[in-house]
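Colleague: Quick one: the structure is below, and I'll ask about it shortly.
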Amino acid sequence: MIVFDQVSKEYNMGAVKVTALDEVSLRIAPGEFVAVLGPSGSGKSTLMNLIGCLDTPSHGSYMLDGEPVGRLKRKELAAIRNRKIGFVFQNFNLLAYATAVENVELPMIYGKVSTGERKRRAKELLEIVGLGKRGSHRPSELSGGERQRVAIARSLANQPEIILADEPTGNLDSKSGGEIVDLFGNLHTQGKTLIIVTHDDRIAAHCKRVIRLLDGKIDSDTLNSAAPVN
Amino acid sequence: MSAFIEYFYEIKKEKLRMLLTMLGVCWGMTNIVLMLSVGEGLYRQFTRSFRGMGEGFVVFWAQQTSKPFAGLGIGRRIRLSEEDLGLIRSRVPEIAKISAEIEVGEQELKLARSTVMASLCGYGPAYGEMRFFFPEAGGRFINDVDEQQKRRVIFLGNNVRDKLFGTGVDPVGRILLFRGIPFTVIGVMVKKYGVGGGEHGNDGDLAIIPYSTCRTIFHRDWVGAVMFSPRTPGEAEAAFKGIRALLAAKYRFDPTDEAALGHFNAIEMAGTLNNVFRGIQLFLGLVGALTLIIAGIGVANIMYVTVRERTREIGIKMAVGARPGYIIGQFVTEALLTTIVGGAFGVALALGMIKGIRSLPIQHEVMEYLGKPVFSAMLALICTTILTFIGLLAGVFPARRASRVDPVEALRYE
Ligand SMILES: Nc1ncnc2c1ncn2[C@@H]1O[C@H](COP(=O)(O)OP(=O)(O)O)[C@@H](O)[C@H]1O
Ligand SMILES: [Mg+2]
């Protein structure tokens, strides 16, 4: 359960203070499929970083599964990201020198999964995202869609409850984007909490709930009755 | 994906930079190993060359008073007698060995028709051990029976033997003439190097007969100098103080009068010289260490650059759950690997150079003093410790910076 209570995030740019997120309160229950929409600069990425414990609020409280995140130390935040959160970024953020399998293994290394188990699970996950045969390829040898699928496999490595995707199809052509959308659809049916920042109508159409941000505030938070029932 | 794989990737990507960094460490390590080895060689050469002097003894001799005492004026000559030795032995408990000496000077020794000049001395049996007059195989030094019975036996320096009997010939049992008196050769001194083996004061030029025999031949009723060794090296000064007090009472001079008895403390001198040479070695080591420290700073610098260049990678790792400690470990490992690999080449280079120097056929006199560089297990341990320490230091600070990277910033970083 994600609970934001009047959460603000401010950035100090020298003398100027930028309020990226302005007293946002929201709840996201386990298993929800949420789309976050909004114009560029409206605070979507900031929201995702806070939810994913990459960053901590300037004001307000964030409780993740009943735990107040604001008071945790850096290494405790790292442990939460490792166990509970899976990130998917617009620009993939894969390690350039590592193969697909090694990239997927990465979170499991930090989660202290044994080598054998790690390799086995990494291959299995690549199989699931349709890259069973490309495990030994490096990111530079993969297409954009394939890279994003490696990133999705990586986000699933430690079986986290929450998957956060920040414009996952933003850098992809529409065909690969469609495949990624289908993958997220599958994940939702497996009971994961999915939060996706997107401009992609196809994704938004899949989501049960749509949050719109404007200038760091929630502009609207609506249920999408047209979303397919899983 | 261990730190090792990332390291090899880094090497592959930044070949020249890594090579230069390692070269710095390599050269620093070569320096410190060479410096310490030269110092060690110097130290060993010193120990070796001063062995010829002997070990653990003090010599004293009578001089003139320099302070008035009990109505007696200054400049009075003191003369020691043979009874003094017995007195000292019984009254100064710190004494282990003691012997009087007579140094007669250049004398003729004759064998058949040949005559050879040798520096003739009368020494007691204890002298041999204290001054390291070791006999060649098959021979011996003067013993107690020789001394008690005033035997006509003679112990030759190796040079005297060479001139009289021929180089390397074993003359034990042969008879030679000194002042027309036949003496039996009982041993030849093993050749000395350094002190006692040089051009001046070469022990190889000595011809030694028992003290008692010498005294009788030259009708000496006074003692020129006395050599003793204390029970332990630390008791040398106490023993000499005891002797001075004893003799001051007997010969009526001020016990604080330094000039009345002259003395030479070989123990003290050896200690001082030892410290001097260890000091030189330490200095050389520090000079070497300085080069290594500079190389270490080079490594740290490169690590800072690496951390900056890999900010995004650090961000990715943090995003998927790497703890700060893991990031620190990764960069410290990299710095350590750089220093250890560079250092290993440095040691290899230094060892090669040492081997080269040692095999040079230099017989020059200078080498007698400098010795040859020696690399010992102890030095290996010291160098490895310093290297590891520098590697750790070079890694820790950049690694801490890496671990403090803000993941959000890092992921935005281009
Ligand atoms: N690290 C940062 N430092 C300063 N300003 C930032 C930082 N991150 C985001 N911002 C600012 O906060 C606002 C929201 O940014 P962001 O959450 O990235 O928006 P979005 O993802 O919706 O485009 C923007 O005005 C942006 O410039
Ligand atoms: Mg954004």
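Following the order of the structure tokens, chains are lettered A, B, ..., residues in each are numbered from 1, and ligands are numbered from 1.
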Could you work out which residues of chain B fall inside 6 Å of chain A? Count only C-alpha atoms, and format the result as a list of chain:residue names.

Modeller: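 Selected residues: B:Val320, B:Gly321, B:Ala322, B:Arg323.
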
Colleague: Please save N, CA and C atoms of the selected residues as a PDB file, in the first residue's frame.

Modeller:
ATOM      1  N   VAL B 320      18.512  -0.112  -8.683  1.00  0.00           N
ATOM      2  CA  VAL B 320      18.084  -1.508  -8.537  1.00  0.00           C
ATOM      3  C   VAL B 320      18.495  -2.084  -7.186  1.00  0.00           C
ATOM      4  N   GLY B 321      19.006  -1.235  -6.281  1.00  0.00           N
ATOM      5  CA  GLY B 321      19.153  -1.682  -4.900  1.00  0.00           C
ATOM      6  C   GLY B 321      20.567  -1.870  -4.382  1.00  0.00           C
ATOM      7  N   ALA B 322      21.581  -1.337  -5.077  1.00  0.00           N
ATOM      8  CA  ALA B 322      22.940  -1.440  -4.532  1.00  0.00           C
ATOM      9  C   ALA B 322      23.068  -0.515  -3.332  1.00  0.00           C
ATOM     10  N   ARG B 323      23.549  -1.057  -2.217  1.00  0.00           N
ATOM     11  CA  ARG B 323      23.744  -0.215  -1.040  1.00  0.00           C
ATOM     12  C   ARG B 323      25.008   0.617  -1.210  1.00  0.00           C
TER      13      ARG B 323
END

Colleague: Using only C-alpha atoms, which residues sit within 8 Å of segment 333-349 of chain B once same-chain residues fewer than 5 positions away are excluded, as JSON, numbers by chain?

Modeller: {"B": [3, 4, 7, 18, 21, 22, 23, 24, 25, 26, 27, 28, 29, 30, 33, 296, 299, 300, 303, 387, 388, 390, 391, 392, 394, 395]}

Colleague: Which residues of chain B come within 8 Å of ligand 1, and what is each one's closest atom pair and distance in Å (one decimal), counting only C-alpha atoms and all ligand atoms, sorted by chain and residue number, as a Markdown table?

Modeller:
| residue | atom | partner | partner_atom_place_in_ligand_line | distance |
| --- | --- | --- | --- | --- |
| B:Val408 | CA | ligand 1 | 1 (N) | 6.8 |
| B:Glu409 | CA | ligand 1 | 1 (N) | 5.7 |
| B:Arg412 | CA | ligand 1 | 1 (N) | 7.8 |

Colleague: Mind dumping the selected residues with N, CA, C and O atoms as a compact mmCIF listing (two decimals), in the first residue's frame?

Modeller:
# COMPACT_ATOMS: atom_id res chain seq x y z
N VAL B 408 18.88 10.00 -8.13
CA VAL B 408 18.02 10.73 -9.06
C VAL B 408 18.87 11.60 -9.99
O VAL B 408 18.71 11.58 -11.22
N GLU B 409 19.82 12.33 -9.37
CA GLU B 409 20.73 13.15 -10.17
C GLU B 409 21.51 12.28 -11.15
O GLU B 409 21.69 12.63 -12.31
N ARG B 412 19.75 11.28 -14.21
CA ARG B 412 19.54 12.38 -15.15
C ARG B 412 20.84 12.76 -15.84
O ARG B 412 20.83 13.46 -16.84

Colleague: Please identify the strand (DSSP E or B) residues within segment 39-202 of chain A (assignment by DSSP from backbone atoms) and present them as a list in words.

Modeller: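 Strand (DSSP E or B) members of segment 39-202 of chain A, listed: His59, Gly60, Ser61, Tyr62, Met63, Leu64, Glu67, Pro68, Ile85, Gly86, Phe87, Val88, Ile162, Ile163, Leu164, Ala165, Asp166, Thr193, Leu194, Ile195, Ile196 and Val197 of chain A.
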
Colleague: Please produce a file of those selected residues containing N, CA and C atoms, as a CSV table (one decimal), in the first residue's frame.

Modeller:
chain,number,residue,atom,x,y,z
A,59,HIS,N,8.6,17.6,2.3
A,59,HIS,CA,7.6,17.7,3.4
A,59,HIS,C,6.6,16.6,3.2
A,60,GLY,N,5.8,16.4,4.3
A,60,GLY,CA,4.8,15.4,4.2
A,60,GLY,C,5.3,14.0,4.5
A,61,SER,N,4.4,13.1,4.5
A,61,SER,CA,4.8,11.7,4.8
A,61,SER,C,4.4,10.7,3.8
A,62,TYR,N,5.3,9.8,3.6
A,62,TYR,CA,5.1,8.7,2.6
A,62,TYR,C,5.2,7.4,3.4
A,63,MET,N,4.1,6.6,3.5
A,63,MET,CA,4.1,5.3,4.1
A,63,MET,C,4.1,4.3,3.0
A,64,LEU,N,5.1,3.4,3.0
A,64,LEU,CA,5.0,2.3,2.1
A,64,LEU,C,4.8,1.0,2.9
A,67,GLU,N,5.3,1.6,6.5
A,67,GLU,CA,6.6,2.0,7.0
A,67,GLU,C,6.9,3.5,6.5
A,68,PRO,N,7.2,4.4,7.4
A,68,PRO,CA,7.5,5.8,7.0
A,68,PRO,C,8.9,5.9,6.3
A,85,ILE,N,10.6,-2.8,-5.2
A,85,ILE,CA,10.4,-1.9,-6.4
A,85,ILE,C,11.1,-2.4,-7.6
A,86,GLY,N,10.4,-2.3,-8.8
A,86,GLY,CA,11.1,-2.6,-10.0
A,86,GLY,C,10.9,-1.4,-10.9
A,87,PHE,N,12.1,-0.8,-11.4
A,87,PHE,CA,12.0,0.4,-12.2
A,87,PHE,C,12.1,0.1,-13.7
A,88,VAL,N,11.3,0.8,-14.5
A,88,VAL,CA,11.6,0.8,-15.9
A,88,VAL,C,11.6,2.2,-16.4
A,162,ILE,N,5.8,-3.8,-6.6
A,162,ILE,CA,5.5,-2.6,-7.4
A,162,ILE,C,6.4,-2.5,-8.6
A,163,ILE,N,5.8,-2.2,-9.7
A,163,ILE,CA,6.6,-1.9,-10.9
A,163,ILE,C,6.3,-0.4,-11.3
A,164,LEU,N,7.4,0.4,-11.4
A,164,LEU,CA,7.2,1.8,-11.8
A,164,LEU,C,7.9,1.9,-13.1
A,165,ALA,N,7.1,2.5,-14.1
A,165,ALA,CA,7.6,2.7,-15.4
A,165,ALA,C,7.4,4.1,-15.8
A,166,ASP,N,8.5,4.8,-16.1
A,166,ASP,CA,8.5,6.2,-16.4
A,166,ASP,C,8.6,6.4,-17.9
A,193,THR,N,1.4,-4.4,-8.6
A,193,THR,CA,1.0,-3.0,-8.6
A,193,THR,C,1.8,-2.3,-9.7
A,194,LEU,N,1.1,-1.7,-10.7
A,194,LEU,CA,1.8,-1.1,-11.8
A,194,LEU,C,1.5,0.4,-11.9
A,195,ILE,N,2.5,1.2,-11.9
A,195,ILE,CA,2.3,2.6,-12.1
A,195,ILE,C,3.1,3.1,-13.3
A,196,ILE,N,2.4,3.6,-14.3
A,196,ILE,CA,3.1,3.9,-15.5
A,196,ILE,C,2.8,5.4,-15.9
A,197,VAL,N,4.0,6.1,-16.1
A,197,VAL,CA,3.9,7.5,-16.6
A,197,VAL,C,3.9,7.3,-18.1

Colleague: If we count only C-alpha atoms and set the cut-off at 9 Å, which residues sit around Ile2 of chain A, ignoring sequence neighbours fewer than 6 positions away in its own chain? Please answer as a list in words.

Modeller: Leu26, Arg27, Ile28, Ala29, Pro30, Ile51, Tyr62, Met63, Leu64, Asp65 and Gly66 of chain A

Colleague: Take the residues just selected and output them with N, CA, C and O atoms as a PDB file, in the first residue's frame.

Modeller:
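Resulting contents of out-v6.pdb:
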ATOM      1  N   LEU A  26      -2.255  10.851  -1.872  1.00  0.00           N
ATOM      2  CA  LEU A  26      -2.906   9.793  -2.657  1.00  0.00           C
ATOM      3  C   LEU A  26      -2.649   8.439  -2.028  1.00  0.00           C
ATOM      4  O   LEU A  26      -1.779   8.287  -1.166  1.00  0.00           O
ATOM      5  N   ARG A  27      -3.441   7.440  -2.436  1.00  0.00           N
ATOM      6  CA  ARG A  27      -3.279   6.061  -1.987  1.00  0.00           C
ATOM      7  C   ARG A  27      -3.309   5.170  -3.199  1.00  0.00           C
ATOM      8  O   ARG A  27      -4.160   5.359  -4.064  1.00  0.00           O
ATOM      9  N   ILE A  28      -2.432   4.228  -3.236  1.00  0.00           N
ATOM     10  CA  ILE A  28      -2.502   3.233  -4.306  1.00  0.00           C
ATOM     11  C   ILE A  28      -2.451   1.861  -3.646  1.00  0.00           C
ATOM     12  O   ILE A  28      -1.509   1.532  -2.921  1.00  0.00           O
ATOM     13  N   ALA A  29      -3.479   1.108  -3.872  1.00  0.00           N
ATOM     14  CA  ALA A  29      -3.594  -0.196  -3.225  1.00  0.00           C
ATOM     15  C   ALA A  29      -2.841  -1.250  -4.027  1.00  0.00           C
ATOM     16  O   ALA A  29      -2.605  -1.070  -5.221  1.00  0.00           O
ATOM     17  N   PRO A  30      -2.471  -2.364  -3.375  1.00  0.00           N
ATOM     18  CA  PRO A  30      -1.772  -3.436  -4.091  1.00  0.00           C
ATOM     19  C   PRO A  30      -2.623  -3.930  -5.261  1.00  0.00           C
ATOM     20  O   PRO A  30      -3.842  -4.030  -5.153  1.00  0.00           O
ATOM     21  N   ILE A  51       7.854   7.576  -5.027  1.00  0.00           N
ATOM     22  CA  ILE A  51       7.203   6.284  -4.783  1.00  0.00           C
ATOM     23  C   ILE A  51       8.248   5.173  -4.741  1.00  0.00           C
ATOM     24  O   ILE A  51       8.210   4.284  -3.891  1.00  0.00           O
ATOM     25  N   TYR A  62       5.341   9.770   3.586  1.00  0.00           N
ATOM     26  CA  TYR A  62       5.102   8.678   2.642  1.00  0.00           C
ATOM     27  C   TYR A  62       5.219   7.379   3.414  1.00  0.00           C
ATOM     28  O   TYR A  62       6.267   7.082   3.980  1.00  0.00           O
ATOM     29  N   MET A  63       4.123   6.638   3.476  1.00  0.00           N
ATOM     30  CA  MET A  63       4.142   5.329   4.128  1.00  0.00           C
ATOM     31  C   MET A  63       4.067   4.264   3.049  1.00  0.00           C
ATOM     32  O   MET A  63       3.136   4.246   2.248  1.00  0.00           O
ATOM     33  N   LEU A  64       5.056   3.395   3.046  1.00  0.00           N
ATOM     34  CA  LEU A  64       5.032   2.269   2.111  1.00  0.00           C
ATOM     35  C   LEU A  64       4.821   1.005   2.932  1.00  0.00           C
ATOM     36  O   LEU A  64       5.664   0.651   3.757  1.00  0.00           O
ATOM     37  N   ASP A  65       3.700   0.364   2.698  1.00  0.00           N
ATOM     38  CA  ASP A  65       3.334  -0.818   3.484  1.00  0.00           C
ATOM     39  C   ASP A  65       3.460  -0.537   4.982  1.00  0.00           C
ATOM     40  O   ASP A  65       4.010  -1.346   5.741  1.00  0.00           O
ATOM     41  N   GLY A  66       3.000   0.645   5.378  1.00  0.00           N
ATOM     42  CA  GLY A  66       2.975   0.989   6.795  1.00  0.00           C
ATOM     43  C   GLY A  66       4.289   1.514   7.342  1.00  0.00           C
ATOM     44  O   GLY A  66       4.397   1.850   8.518  1.00  0.00           O
TER      45      GLY A  66
END
